[in-house]
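Trainee: After the structure tokens below, expect a handful of questions from me.
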2 protein chains.
Amino acid sequence: MDAVIDAARALAGLTLPELAERGGLSMPPSLSRSKGFIGQAVERALGLEPKSGPGPDLPGLEIKTLPVELIQKMPRSVESTFVCTVQRDRLDVSWAVSAPRSKLARVLFVPIEARGAPHVRRVGAAFVWTPSDDDDARLAADWESITGQLLLHGHERITARLGTIMQVRPKAASAASRALSRDETGALSRALPRAFYLRRAFTTELLARTGLR
Amino acid sequence: MDAVIDAARALAGLTLPELAERGGLSMPPSLSRSKGFIGQAVERALGLEPKSGPGPDLPGLEIKTLPVELIQKMPRSVESTFVCTVQRDRLDVSWAVSAPRSKLARVLFVPIEARGAPHVRRVGAAFVWTPSDDDDARLAADWESITGQLLLHGHERITARLGTIMQVRPKAASAASRALSRDETGALSRALPRAFYLRRAFTTELLARTGLR
DNA sequence: ACGGATCCATCATTGGATCCAG
DNA sequence: CTGGATCCAATGATGGATCCGT
């Protein structure tokens, strides 16, 4: 899988149409509407099959694109990063064995210029992040506060304001979406699907660290 | 819903292309490949929306097409009739509250000529079946023998030979299909999906009863 | 700036059933 | 003849994320 990391670094400098071509895809008419396109193009360009079921992209490595803009030569993340969906019946487990912790154990971030026309937006220098002990402690604290709220007040009252570097937000086709799930009491019910995300400020911090090495 | 029964009776005599037109559908190139087409055309012709989730087609009425051929003027069913899929974690319930019993509580059978070119095959006289006490007892006996085998020996060893009027057979895209389900012990596992079916001989009996009234 | 809302592709499941080798 | 295998359409879930009103 280090081969994949090298391959990702080799993508640096490509424009979006060039990236799409590497992946054997053609550019969609509107990137605004095809929100997942760049992520899928990266995976295809790295030779990965469209995902077959749950689990990481590769054993032990999660791949994420990271939309970035340069402010006075410093890179800044422009969007939060999706981690995984909230499993209503797995909120009582400890951070150590939680789904978000597994997903974030080792992440290959592929920065992508976020502004401008597709042919001027380029792939940046990919880097691998493994949470430091401090990162892990911050994530654990957010996990505790978020799952605490979810268990206490249910899924309809959660807010994205909770969590300093990780938060929970809706993840659905629309606010009317309702997915079947098992709630805290074990009963089946329908609720708006939600997911864990890394905050922009945190991924911006990861970009800064990378520049300092 | 009696309106639906009347509407179904009014379909009698239509050829398959005429039925398709009533449903706002065009005939598929091959009925052999579009196995569910006639069933869907009947539902559309009756003004029913494509199904929204589990549950009966209408509250308290399940609609089934019944392919039929005439042998010396007597109608005979040419295929078994799908009832519902086998829920591996609901095999320990009594027949009284089982899924097959609910499905079969009241069925609107719409006979369809099974032989010949589409434009010569016609819709027959729809009829409603509600299990007699004797029917229900026979179904209950089959339920007991089938669930007994499934609970004792698991899903991989079940055979369609079990059951006098209701049986269990595979229901899948291929023999390689594996669906996630919860087994007898409550553990998650993958198995070939199976379903309950009414045997041909039994639906032929229902056709004969109808002719005698 | 950001919390809440939304968009697309793909895969799995479900419901409509009939096909077909032995 | 019939037990086992298979076919299609539609829906729902999941994974890829970014959009956008306040």
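In the structure tokens, chains take letters A, B, ... by order of appearance, with residues numbered from 1 within each chain and ligands from 1 in the order shown.
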At a cut-off of 12 Å, which residues of chain C touch chain B? Count only C-alpha atoms (C1' of nucleotides) and give the answer as a list of chain:residue names.

Mentor: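 Contact residues on the first chain: C:DA12, C:DT13, C:DT14, C:DG15, C:DG16, C:DA17, C:DT18, C:DC19, C:DC20.
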
Trainee: Neighbours of Trp129 of chain A within 8 Å (only C-alpha atoms (C1' of nucleotides); same-chain residues fewer than 4 positions away dropped), as a ChimeraX atom specification?

Mentor: /A:106-109,206

Trainee: So that I can check the surroundings of Leu152 of chain A, please list as a ChimeraX atom specification every protein, DNA and RNA residue that reaches within 12 Å of it, counting only C-alpha atoms (C1' of nucleotides) and ignoring chain neighbours fewer than 4 positions away.

Mentor: /A:91-92,144-148,156-158,183-185

Trainee: Keeping only all heavy atoms, write those residues as an mmCIF file, in the first residue's frame.

Mentor:
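File produced: part_16.cif:
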data_model
loop_
_atom_site.group_PDB
_atom_site.id
_atom_site.type_symbol
_atom_site.label_atom_id
_atom_site.label_comp_id
_atom_site.auth_asym_id
_atom_site.auth_seq_id
_atom_site.Cartn_x
_atom_site.Cartn_y
_atom_site.Cartn_z
ATOM 1 N N LEU A 91 -23.333 3.657 19.793
ATOM 2 C CA LEU A 91 -22.885 4.887 20.442
ATOM 3 C C LEU A 91 -22.415 4.643 21.866
ATOM 4 O O LEU A 91 -21.865 5.522 22.513
ATOM 5 C CB LEU A 91 -24.025 5.916 20.449
ATOM 6 C CG LEU A 91 -24.397 6.409 19.048
ATOM 7 C CD1 LEU A 91 -25.615 7.307 19.117
ATOM 8 C CD2 LEU A 91 -23.216 7.147 18.427
ATOM 9 N N ASP A 92 -22.643 3.432 22.334
ATOM 10 C CA ASP A 92 -22.283 3.144 23.720
ATOM 11 C C ASP A 92 -20.906 2.492 23.830
ATOM 12 O O ASP A 92 -20.482 2.136 24.909
ATOM 13 C CB ASP A 92 -23.348 2.239 24.351
ATOM 14 C CG ASP A 92 -23.615 1.012 23.496
ATOM 15 O OD1 ASP A 92 -23.142 0.979 22.334
ATOM 16 O OD2 ASP A 92 -24.282 0.089 23.983
ATOM 17 N N GLU A 144 -16.739 11.580 23.161
ATOM 18 C CA GLU A 144 -17.470 11.475 24.423
ATOM 19 C C GLU A 144 -18.589 12.493 24.505
ATOM 20 O O GLU A 144 -19.717 12.176 24.891
ATOM 21 C CB GLU A 144 -16.512 11.650 25.615
ATOM 22 C CG GLU A 144 -15.431 10.571 25.725
ATOM 23 C CD GLU A 144 -15.998 9.170 25.894
ATOM 24 O OE1 GLU A 144 -17.170 9.043 26.321
ATOM 25 O OE2 GLU A 144 -15.287 8.189 25.577
ATOM 26 N N SER A 145 -18.283 13.729 24.135
ATOM 27 C CA SER A 145 -19.327 14.758 24.277
ATOM 28 C C SER A 145 -20.467 14.510 23.281
ATOM 29 O O SER A 145 -21.639 14.669 23.612
ATOM 30 C CB SER A 145 -18.733 16.160 24.100
ATOM 31 O OG SER A 145 -18.262 16.352 22.779
ATOM 32 N N ILE A 146 -20.092 14.096 22.066
ATOM 33 C CA ILE A 146 -21.127 13.886 21.046
ATOM 34 C C ILE A 146 -21.995 12.675 21.371
ATOM 35 O O ILE A 146 -23.221 12.754 21.365
ATOM 36 C CB ILE A 146 -20.477 13.715 19.650
ATOM 37 C CG1 ILE A 146 -19.867 15.048 19.191
ATOM 38 C CG2 ILE A 146 -21.514 13.221 18.646
ATOM 39 C CD1 ILE A 146 -18.967 14.928 17.973
ATOM 40 N N THR A 147 -21.360 11.551 21.676
ATOM 41 C CA THR A 147 -22.168 10.362 21.971
ATOM 42 C C THR A 147 -22.972 10.575 23.244
ATOM 43 O O THR A 147 -24.100 10.094 23.353
ATOM 44 C CB THR A 147 -21.294 9.105 22.115
ATOM 45 O OG1 THR A 147 -20.323 9.322 23.138
ATOM 46 C CG2 THR A 147 -20.594 8.778 20.820
ATOM 47 N N GLY A 148 -22.416 11.339 24.164
ATOM 48 C CA GLY A 148 -23.161 11.645 25.376
ATOM 49 C C GLY A 148 -24.464 12.369 25.067
ATOM 50 O O GLY A 148 -25.537 11.989 25.537
ATOM 51 N N GLU A 156 -32.562 13.782 17.177
ATOM 52 C CA GLU A 156 -33.222 14.952 16.588
ATOM 53 C C GLU A 156 -32.706 16.247 17.199
ATOM 54 O O GLU A 156 -32.918 17.319 16.660
ATOM 55 C CB GLU A 156 -34.739 14.841 16.760
ATOM 56 C CG GLU A 156 -35.350 13.560 16.177
ATOM 57 C CD GLU A 156 -34.918 13.285 14.737
ATOM 58 O OE1 GLU A 156 -34.546 14.236 14.019
ATOM 59 O OE2 GLU A 156 -34.932 12.106 14.338
ATOM 60 N N ARG A 157 -32.013 16.130 18.328
ATOM 61 C CA ARG A 157 -31.601 17.361 19.018
ATOM 62 C C ARG A 157 -30.102 17.613 18.941
ATOM 63 O O ARG A 157 -29.584 18.505 19.598
ATOM 64 C CB ARG A 157 -32.003 17.285 20.485
ATOM 65 C CG ARG A 157 -33.508 17.186 20.637
ATOM 66 C CD ARG A 157 -33.935 17.874 21.903
ATOM 67 N NE ARG A 157 -35.316 17.528 22.210
ATOM 68 C CZ ARG A 157 -35.916 17.849 23.340
ATOM 69 N NH1 ARG A 157 -35.246 18.507 24.270
ATOM 70 N NH2 ARG A 157 -37.176 17.525 23.557
ATOM 71 N N ILE A 158 -29.411 16.804 18.143
ATOM 72 C CA ILE A 158 -27.959 16.990 18.077
ATOM 73 C C ILE A 158 -27.651 18.236 17.237
ATOM 74 O O ILE A 158 -28.404 18.601 16.343
ATOM 75 C CB ILE A 158 -27.265 15.745 17.483
ATOM 76 C CG1 ILE A 158 -25.757 15.836 17.676
ATOM 77 C CG2 ILE A 158 -27.608 15.608 16.004
ATOM 78 C CD1 ILE A 158 -25.321 15.675 19.122
ATOM 79 N N ASP A 183 -32.465 2.397 17.711
ATOM 80 C CA ASP A 183 -32.062 3.481 18.602
ATOM 81 C C ASP A 183 -31.439 2.954 19.897
ATOM 82 O O ASP A 183 -31.185 1.766 20.045
ATOM 83 C CB ASP A 183 -33.237 4.426 18.877
ATOM 84 C CG ASP A 183 -34.302 3.766 19.745
ATOM 85 O OD1 ASP A 183 -34.001 2.742 20.394
ATOM 86 O OD2 ASP A 183 -35.430 4.273 19.767
ATOM 87 N N GLU A 184 -31.202 3.881 20.815
ATOM 88 C CA GLU A 184 -30.497 3.594 22.058
ATOM 89 C C GLU A 184 -31.180 2.467 22.846
ATOM 90 O O GLU A 184 -30.538 1.652 23.484
ATOM 91 C CB GLU A 184 -30.443 4.859 22.921
ATOM 92 C CG GLU A 184 -29.868 6.075 22.191
ATOM 93 C CD GLU A 184 -30.832 6.681 21.152
ATOM 94 O OE1 GLU A 184 -32.054 6.496 21.277
ATOM 95 O OE2 GLU A 184 -30.345 7.308 20.195
ATOM 96 N N THR A 185 -32.504 2.451 22.796
ATOM 97 C CA THR A 185 -33.255 1.466 23.576
ATOM 98 C C THR A 185 -33.351 0.134 22.854
ATOM 99 O O THR A 185 -33.924 -0.814 23.385
ATOM 100 C CB THR A 185 -34.681 1.984 23.852
ATOM 101 O OG1 THR A 185 -35.429 1.930 22.623
ATOM 102 C CG2 THR A 185 -34.665 3.411 24.358
#

Trainee: Among segment 2-159 of chain A, which ones does DSSP assign to helix (DSSP H, G or I) (computed from the backbone)? Answer as a PyMOL selection string.

Mentor: chain A and resi 2-9+16-22+37-45+88-90+95-97+99-103+118-120+133-153+155-157

Trainee: Using DSSP on the backbone coordinates, identify all residues within chain B classified as strand (DSSP E or B); present the result as an MDAnalysis selection string.

Mentor: chainID B and resid 15 58 61:71 74:77 81:85 107:113 122:123 127:129 166:170 179:182 188:191 194:198

Trainee: List every residue of segment 172-208 of chain B that has an atom at most 7 Å from any atom of segment 4-21 of chain D, and for each one report the closest atom pair and its distance in Å to one decimal, counting only C-alpha atoms (C1' of nucleotides), with rows sorted by chain and then by increasing residue number, as CSV.

Mentor:
residue,atom,partner,partner_atom,distance
B:Ala173,CA,D:DT6,C1',5.8
B:Ser174,CA,D:DT6,C1',5.9
B:Ala175,CA,D:DA5,C1',6.4

Trainee: Store the residues of this selection in a file with N, CA, C and O atoms, as a PDB file, in the first residue's frame.

Mentor:
ATOM      1  N   ALA B 173     -30.479 -13.687  -7.257  1.00  0.00           N
ATOM      2  CA  ALA B 173     -29.986 -13.431  -8.607  1.00  0.00           C
ATOM      3  C   ALA B 173     -29.209 -14.632  -9.120  1.00  0.00           C
ATOM      4  O   ALA B 173     -29.223 -14.949 -10.298  1.00  0.00           O
ATOM      5  N   SER B 174     -28.555 -15.343  -8.238  1.00  0.00           N
ATOM      6  CA  SER B 174     -27.826 -16.538  -8.639  1.00  0.00           C
ATOM      7  C   SER B 174     -27.550 -17.379  -7.415  1.00  0.00           C
ATOM      8  O   SER B 174     -27.734 -16.937  -6.284  1.00  0.00           O
ATOM      9  N   ALA B 175     -27.082 -18.579  -7.651  1.00  0.00           N
ATOM     10  CA  ALA B 175     -26.802 -19.483  -6.537  1.00  0.00           C
ATOM     11  C   ALA B 175     -25.623 -18.986  -5.701  1.00  0.00           C
ATOM     12  O   ALA B 175     -25.387 -19.474  -4.603  1.00  0.00           O
TER      13      ALA B 175
END
